[in-house]
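Here the structure comes first, spelled out in structure tokens, and everything after it is commentary.
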Amino acid sequence: MISLAGRDIRHEWGKYVFTGIGLGLLIGVTLTMAGVYRGMVDDGKALLDNSGAELWVVQKETLGPYAEPSSLNDDAYRSILAVQGVAQAANVTYLTMQVRSAERDVRAMVVGIASGEAGTPGWPPYLVAGRQITRSHYEAVADVASGFALGDRVRIRRNFYTVVGLTRRMVSSGGDPMVFIPLKDAQEAQFLKDNDAVLQSRRRTSENPAFNRAGVPGLLDAVITSQSRNPYVNAVLVRLRPGYASDDVAESIERWQRLTVYTRPEMEGILIGKLIATSAKQIGMFLVILAIVSAAIVAFIIYTMTLGKIREIAVLKLIGTRNRTIASMIMQQALGLGLIGFAVGKIAASFWAPFFPKYVLLIPGDTIAGFFAVVVICMLASLIAIRAALRVDPADAIGG
Amino acid sequence: MSTGIRIEGLTKRYGEGDTAVDALKGVDMYVAPGEVVGLIGPSGSGKSTLLKCLGAVIEPTSGRMILGDDVIYDDGWKITDLRALRRDKIGFVFQAPYLIPFLDVTDNVALLPMLAGVANSDARQRAVELLGALDIAHRAKGMPSQISGGEQQRVSIARALVNRPPVILADEPTAPLDSARALTVIRILHEMAHRYETAIIVVTHDEKIIPTFKRIYHIRDGKTHEEAGEGRALNEAEQG
Ligand SMILES: Nc1ncnc2c1ncn2[C@@H]1O[C@H](COP(=O)(O)OP(=O)(O)OP(=O)(O)O)[C@@H](O)[C@H]1O
Ligand SMILES: [Mg+2]
């Protein structure tokens with residue numbers, strides 16, 4: 001037996017291929033949407049991996065530092081260091097803000113990293129160019145996604161920083177490139193107001209008779225100093241000694257300090273379950289709509305192609321073709337359309353994914369799931385056409 | 001030995017109650033193997049209805065039909081697989097050729113034996129032989145849209161013949177053709193009936209071909225009347 005579907009496709013290949021390409025672009029968009037979600041999850045994991053931490057110590061009862069603001073004193077790390085099982089503990093600040101250079105103005109996540117050496121939690125684990133920060137002020141390491149180059153002078157709030165190193169795929173969970181600067185600078189940046197505001201606040205303080213007392217020399221100065229210093233960080237990143245379970249150490253830190261501690265799995269849960277949950281739902285909604293639209297397109301095309309062959313189908317039935325043969329012809333055509341669409345979609349998605357501003361991660365699992373979804377959708381979509389074909393009366397071939 | 005076609009007291013009523021139409025009111029007919037008979041009658045007389053009953057696509061109301069060796073209907077179907085009956089025992093030729101546009105000429109003909117389970121190569125060989133017998137072997141690789149109307153009709157005759165059915169039902173097979181081509185088609189039907197011992201009924205209005213039948217059935221008001229025809233021999237000169 002010859003393949004009726006195959007012959008028909010060959011006969012009308014132009015229409016078929018163009019529909020397949022159209023469907024393919026739609027499938028490409030669908031695969032990309034899935035890739036965007038995977039990219040977000042992966043960005044989140046990269047964020048956690050790159051922080052180099054095994055425990056995150058944050059302000060009590062907050063989901064900090066990524067999903068909620070958290071602030072704790074910058075000397076808390078000393079007592080954490082004393083907890084058994086803790087190998088390293090380092091302050092870190094995160095602040096999403098505009099970073100300006102001569103040419104561009106980039107939304108970035110500014111990370112304040114504790115002084116130390118490479119390998120300190122919070123530090124970028126590897127660089128693609130340049131060197132790590134060595135001076136305690138006004139140096140920065142930026143992610144290449146920011147577009148900054150080595151030697152660029154970038155402005156964060158009031159201060160200028162020289163870009164001395166570049167990283168890759170160091171982004172926030174929102175996909176913003178990271179810019180690392182020394183902790184002290186970052187604390188200042190979080191706190192510093194512009195000159196006017198500083199002057200205003202100083203004037204207000206000195207005009208306050210409670211602070212400016214004749215009998216207490218030095219009080220006003222002490223108050224002003226305390227107002228212009230920021231003793232807070234967003235989190236303490238902890239690395240453990242070998243042989244210690246993160247849950248146990250987290251428990252002992254929480255017992256002795258008035259702080260909340262998250263382990264890696266907990267942190268992942270927060271990032272994926274809380275931070276990107278809404279985006280994930282948004283994307284899920286898109287996927288559903290795209291699936292429906294694809295199904296509608298396949299159904300419509302296959303239905304039209306079938307209606308165009310009603311006379312031939314009546315003849316086929318009259319000369320003894322079984323319903324099964326006719327149904328499988330239509331279903332094969334729908335599947336053929338799906339296969340062309342899938343191939344085009346896969347190629348299109350792989351082609352355009354790198355051009356997206358945020359990371360798009362196409363994983364084989366999604367591709368396989370997508371393939372089966374296309375197969376199922378095409379099969380369902382062909383049912384309407386099959387129903388129409390099976391209702392054709394062979395007597396119609398003979399006519400009136 | 002095949003009986004050809006024998007119909008006894010066949011009736012067909014469409015619908016029920018007040019709106020019922022008695023399209024056939026007791027039709028008797030006989031076509032011997034190798035014979036071509038004409039079936040003529042005014043519009044609405046029941047020609048198509050009779051063909052549909054014989055073609056096992058609508059069910060008669062009562063009577064008896066014998067095709068080839070089998071009683072296929074005797075106040076009810078005597079055959080369960082009507083599709084296989086149509087495929088193996090009945091050839092159809094329609095007013096328009098109704099070829100499958102996406103199959104080439106050979107496969108349009110070979111499709112029937114293939115549907116019956118014959119291997120592709122054997123089916124194609126049978127098709128090619130038949131196309132040769134119908135003088136269109138040179139068109140065997142063409143697509144239906146690339147050949148003329150007369151050629152298409154010959155391909156559809158080859159398709160009707162390819163499973164060697166004992167019966168061929170032709171519904172106005174010459175309607176779209178000019179007179180020369182119409183005569184060619186009818187000559188081919190006569191030849192094929194003779195060669196393959198096939199009983200053929202040709203429904204027609206076509207004045208040019210009516211004189212070629214030796215026997216003609218007139219159908220009027222759902223009843224048939226047999227009549228002798230001229231049985232005029234066809235000379236090649238007037239054909240296209
Ligand atoms: N499906 C149907 N339902 C009801 N009545 C029908 C149906 N088909 C045909 N008829 C009626 O049966 C009668 C015979 O119709 P039929 O189609 O057999 O005529 P015909 O001889 O083929 O006519 P024509 O030469 O115009 O094709 C007509 O009165 C017609 O209206
Ligand atoms: Mg009719």
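Ligands are numbered from 1 in the order shown, chains are lettered A, B, ... in the order of the structure tokens, and residues start at 1 in each chain.
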Contacts with ligand 2 at most 12 Å, only C-alpha atoms and all ligand atoms counted, listed as a PyMOL selection string: (chain A and resi 395-400) or (chain B and resi 23+39-52+94-95+170-173+175+202-205+219)
Name all residues at most 7 Å from Pro166 in chain B (count only C-alpha atoms; drop same-chain ones fewer than 5 positions away) and give them as a PDB file with N, CA, C and O atoms, in the first residue's frame.
ATOM      1  N   GLY B   4     -23.659 -12.179 -13.938  1.00  0.00           N
ATOM      2  CA  GLY B   4     -23.803 -10.783 -14.362  1.00  0.00           C
ATOM      3  C   GLY B   4     -24.603 -10.044 -13.310  1.00  0.00           C
ATOM      4  O   GLY B   4     -24.311 -10.131 -12.124  1.00  0.00           O
ATOM      5  N   GLY B  68     -22.640 -10.940  -9.941  1.00  0.00           N
ATOM      6  CA  GLY B  68     -21.665 -12.012 -10.117  1.00  0.00           C
ATOM      7  C   GLY B  68     -22.224 -13.307  -9.576  1.00  0.00           C
ATOM      8  O   GLY B  68     -23.291 -13.744  -9.992  1.00  0.00           O
ATOM      9  N   LYS B  89     -16.029  -6.377  -6.283  1.00  0.00           N
ATOM     10  CA  LYS B  89     -17.041  -6.905  -7.199  1.00  0.00           C
ATOM     11  C   LYS B  89     -17.665  -5.850  -8.106  1.00  0.00           C
ATOM     12  O   LYS B  89     -18.388  -6.202  -9.030  1.00  0.00           O
ATOM     13  N   ILE B  90     -17.422  -4.576  -7.814  1.00  0.00           N
ATOM     14  CA  ILE B  90     -18.105  -3.536  -8.582  1.00  0.00           C
ATOM     15  C   ILE B  90     -17.091  -2.497  -9.043  1.00  0.00           C
ATOM     16  O   ILE B  90     -16.265  -2.025  -8.255  1.00  0.00           O
ATOM     17  N   THR B 198     -17.489  -8.773 -18.369  1.00  0.00           N
ATOM     18  CA  THR B 198     -18.056  -7.899 -17.352  1.00  0.00           C
ATOM     19  C   THR B 198     -19.460  -7.467 -17.770  1.00  0.00           C
ATOM     20  O   THR B 198     -19.697  -7.193 -18.942  1.00  0.00           O
ATOM     21  N   ALA B 199     -20.362  -7.427 -16.802  1.00  0.00           N
ATOM     22  CA  ALA B 199     -21.706  -6.906 -17.058  1.00  0.00           C
ATOM     23  C   ALA B 199     -21.693  -5.415 -16.758  1.00  0.00           C
ATOM     24  O   ALA B 199     -21.303  -5.016 -15.665  1.00  0.00           O
TER      25      ALA B 199
END
I need the contact residues of chain B against chain A, so if you could list those with any atom within 8 Å, counting only C-alpha atoms, and return them as a PyMOL selection string, that would help. chain B and resi 48-49+52+57-58+83-87+91-92+94+98-103+111-112+114-115+117-120+171
Selection near Gly52 in chain A, 9 Å with only C-alpha atoms, sequence-local residues under 2 positions removed, as a list in words: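 Once the nearby chain positions are removed, what remains is Leu48, Asp49, Asn50, Glu54, Gly119, Thr120, Pro121, Gly122, Trp123, Pro124, Pro125, Leu237, Val238 and Arg239 of chain A.
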Show which residues sit within 12 Å of Tyr14 in chain B, as a ChimeraX atom specification. Count only C-alpha atoms, and ignore same-chain residues fewer than 4 positions away. /B:18-25,46,49,58-61
Spatial neighbours of Ile210 in chain B, max dist 9 Å, only C-alpha atoms, sep filter under 3 positions, as a list of chain:residue names: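 Here the answer would be B:Gly38, B:Ile40, B:Thr204, B:His205, B:Asp206, B:Glu207, B:Phe213, B:Ile216, B:Gly229, B:Glu230, B:Gly231.
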Which of range 5-232 of chain B fall in helix (DSSP H, G or I), as a PyMOL selection string: chain B and resi 17-19+47-54+82-89+105-115+120-133+137-139+144-146+149-161+179-196+210-212
Which one is closest to Thr367 in chain A: A:Leu380, A:Gly345, A:Tyr66, A:Thr263? Count only C-alpha atoms.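 For Thr367 in chain A, the nearest of the candidates is A:Gly345.
Residues of range 71-153 of chain B that DSSP places in strand (DSSP E), based on the backbone of this structure, are Val71, Ile72, Tyr73, Asp74, Ile90, Gly91, Phe92 and Val93 of chain B.
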Would you write out those residues with N, CA and C atoms, as a PDB file, in the first residue's frame?
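Here's the written file part_37.pdb:
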ATOM      1  N   VAL B  71     -25.764 -13.507  -4.141  1.00  0.00           N
ATOM      2  CA  VAL B  71     -26.978 -12.771  -3.812  1.00  0.00           C
ATOM      3  C   VAL B  71     -26.536 -11.724  -2.789  1.00  0.00           C
ATOM      4  N   ILE B  72     -26.561 -10.458  -3.175  1.00  0.00           N
ATOM      5  CA  ILE B  72     -26.072  -9.465  -2.213  1.00  0.00           C
ATOM      6  C   ILE B  72     -27.213  -8.873  -1.408  1.00  0.00           C
ATOM      7  N   TYR B  73     -28.410  -8.935  -1.968  1.00  0.00           N
ATOM      8  CA  TYR B  73     -29.544  -8.358  -1.246  1.00  0.00           C
ATOM      9  C   TYR B  73     -30.760  -9.224  -1.475  1.00  0.00           C
ATOM     10  N   ASP B  74     -31.445  -9.562  -0.390  1.00  0.00           N
ATOM     11  CA  ASP B  74     -32.704 -10.302  -0.519  1.00  0.00           C
ATOM     12  C   ASP B  74     -33.572  -9.865   0.648  1.00  0.00           C
ATOM     13  N   ILE B  90     -17.422  -4.576  -7.814  1.00  0.00           N
ATOM     14  CA  ILE B  90     -18.105  -3.536  -8.582  1.00  0.00           C
ATOM     15  C   ILE B  90     -17.091  -2.497  -9.043  1.00  0.00           C
ATOM     16  N   GLY B  91     -17.146  -2.159 -10.325  1.00  0.00           N
ATOM     17  CA  GLY B  91     -16.346  -1.042 -10.814  1.00  0.00           C
ATOM     18  C   GLY B  91     -17.258   0.153 -11.008  1.00  0.00           C
ATOM     19  N   PHE B  92     -16.750   1.359 -10.688  1.00  0.00           N
ATOM     20  CA  PHE B  92     -17.576   2.556 -10.850  1.00  0.00           C
ATOM     21  C   PHE B  92     -16.937   3.497 -11.869  1.00  0.00           C
ATOM     22  N   VAL B  93     -17.766   3.993 -12.756  1.00  0.00           N
ATOM     23  CA  VAL B  93     -17.306   5.065 -13.653  1.00  0.00           C
ATOM     24  C   VAL B  93     -18.311   6.203 -13.492  1.00  0.00           C
TER      25      VAL B  93
END
Interatomic distance, CA of Gln227 in chain A to CA of Gln190 in chain A (Å, one decimal):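 Pair CA of Gln227 in chain A / CA of Gln190 in chain A returns 13.1 Å.
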Go ahead and compute the interatomic distance for CA of Asn108 in chain B and CA of Arg159 in chain B, in Å to one decimal.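 CA of Asn108 in chain B sits 6.9 Å away from CA of Arg159 in chain B.
In this structure, CA of Gly14 in chain A sits 18.0 Å away from CA of Ala299 in chain A.
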What lies within 9 Å of Met192 in chain B using only C-alpha atoms, ignoring chain neighbours under 5 positions off, as a list in words? Gly34, Ala133, Leu161, Arg187, Glu197 and Thr198 of chain B
Residues at most 12 Å from range 349-360 of chain A, counting only C-alpha atoms, excluding those fewer than 6 positions away in the same chain, as a VMD selection string? chain A and resid 24 to 44 46 145 to 147 168 to 177 341 to 343 367
Include C-alpha atoms and write out the residues we just selected as a compact mmCIF listing (two decimals), in the first residue's frame.
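out05.txt written:
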# COMPACT_ATOMS: atom_id res chain seq x y z
CA GLY A 24 7.12 26.24 13.45
CA LEU A 25 7.66 29.87 14.36
CA LEU A 26 4.84 29.56 16.86
CA ILE A 27 6.39 26.41 18.29
CA GLY A 28 9.70 28.27 18.38
CA VAL A 29 8.10 30.97 20.50
CA THR A 30 6.67 28.28 22.77
CA LEU A 31 10.03 26.59 23.23
CA THR A 32 11.59 29.99 23.87
CA MET A 33 9.04 30.79 26.55
CA ALA A 34 9.94 27.54 28.28
CA GLY A 35 13.59 28.52 27.82
CA VAL A 36 12.97 31.89 29.44
CA TYR A 37 11.56 30.14 32.49
CA ARG A 38 14.47 27.70 32.61
CA GLY A 39 16.82 30.64 32.21
CA MET A 40 15.25 32.37 35.20
CA VAL A 41 15.62 29.26 37.34
CA ASP A 42 19.16 28.84 36.12
CA ASP A 43 19.98 32.49 36.81
CA GLY A 44 18.71 31.95 40.33
CA ALA A 46 23.87 30.67 39.28
CA ALA A 145 26.33 41.73 30.35
CA SER A 146 26.56 45.27 31.72
CA GLY A 147 28.49 46.27 28.63
CA ARG A 168 30.31 36.19 32.94
CA ARG A 169 26.80 35.03 33.90
CA MET A 170 26.91 36.83 37.22
CA VAL A 171 23.38 38.17 37.24
CA SER A 172 20.68 38.81 39.79
CA SER A 173 17.58 36.64 39.86
CA GLY A 174 15.97 39.39 37.82
CA GLY A 175 18.67 39.04 35.17
CA ASP A 176 20.44 42.33 35.98
CA PRO A 177 24.23 42.17 35.62
CA GLY A 341 6.63 22.78 12.68
CA PHE A 342 8.63 21.20 15.43
CA ALA A 343 11.83 21.07 13.39
CA THR A 367 12.45 19.88 23.75
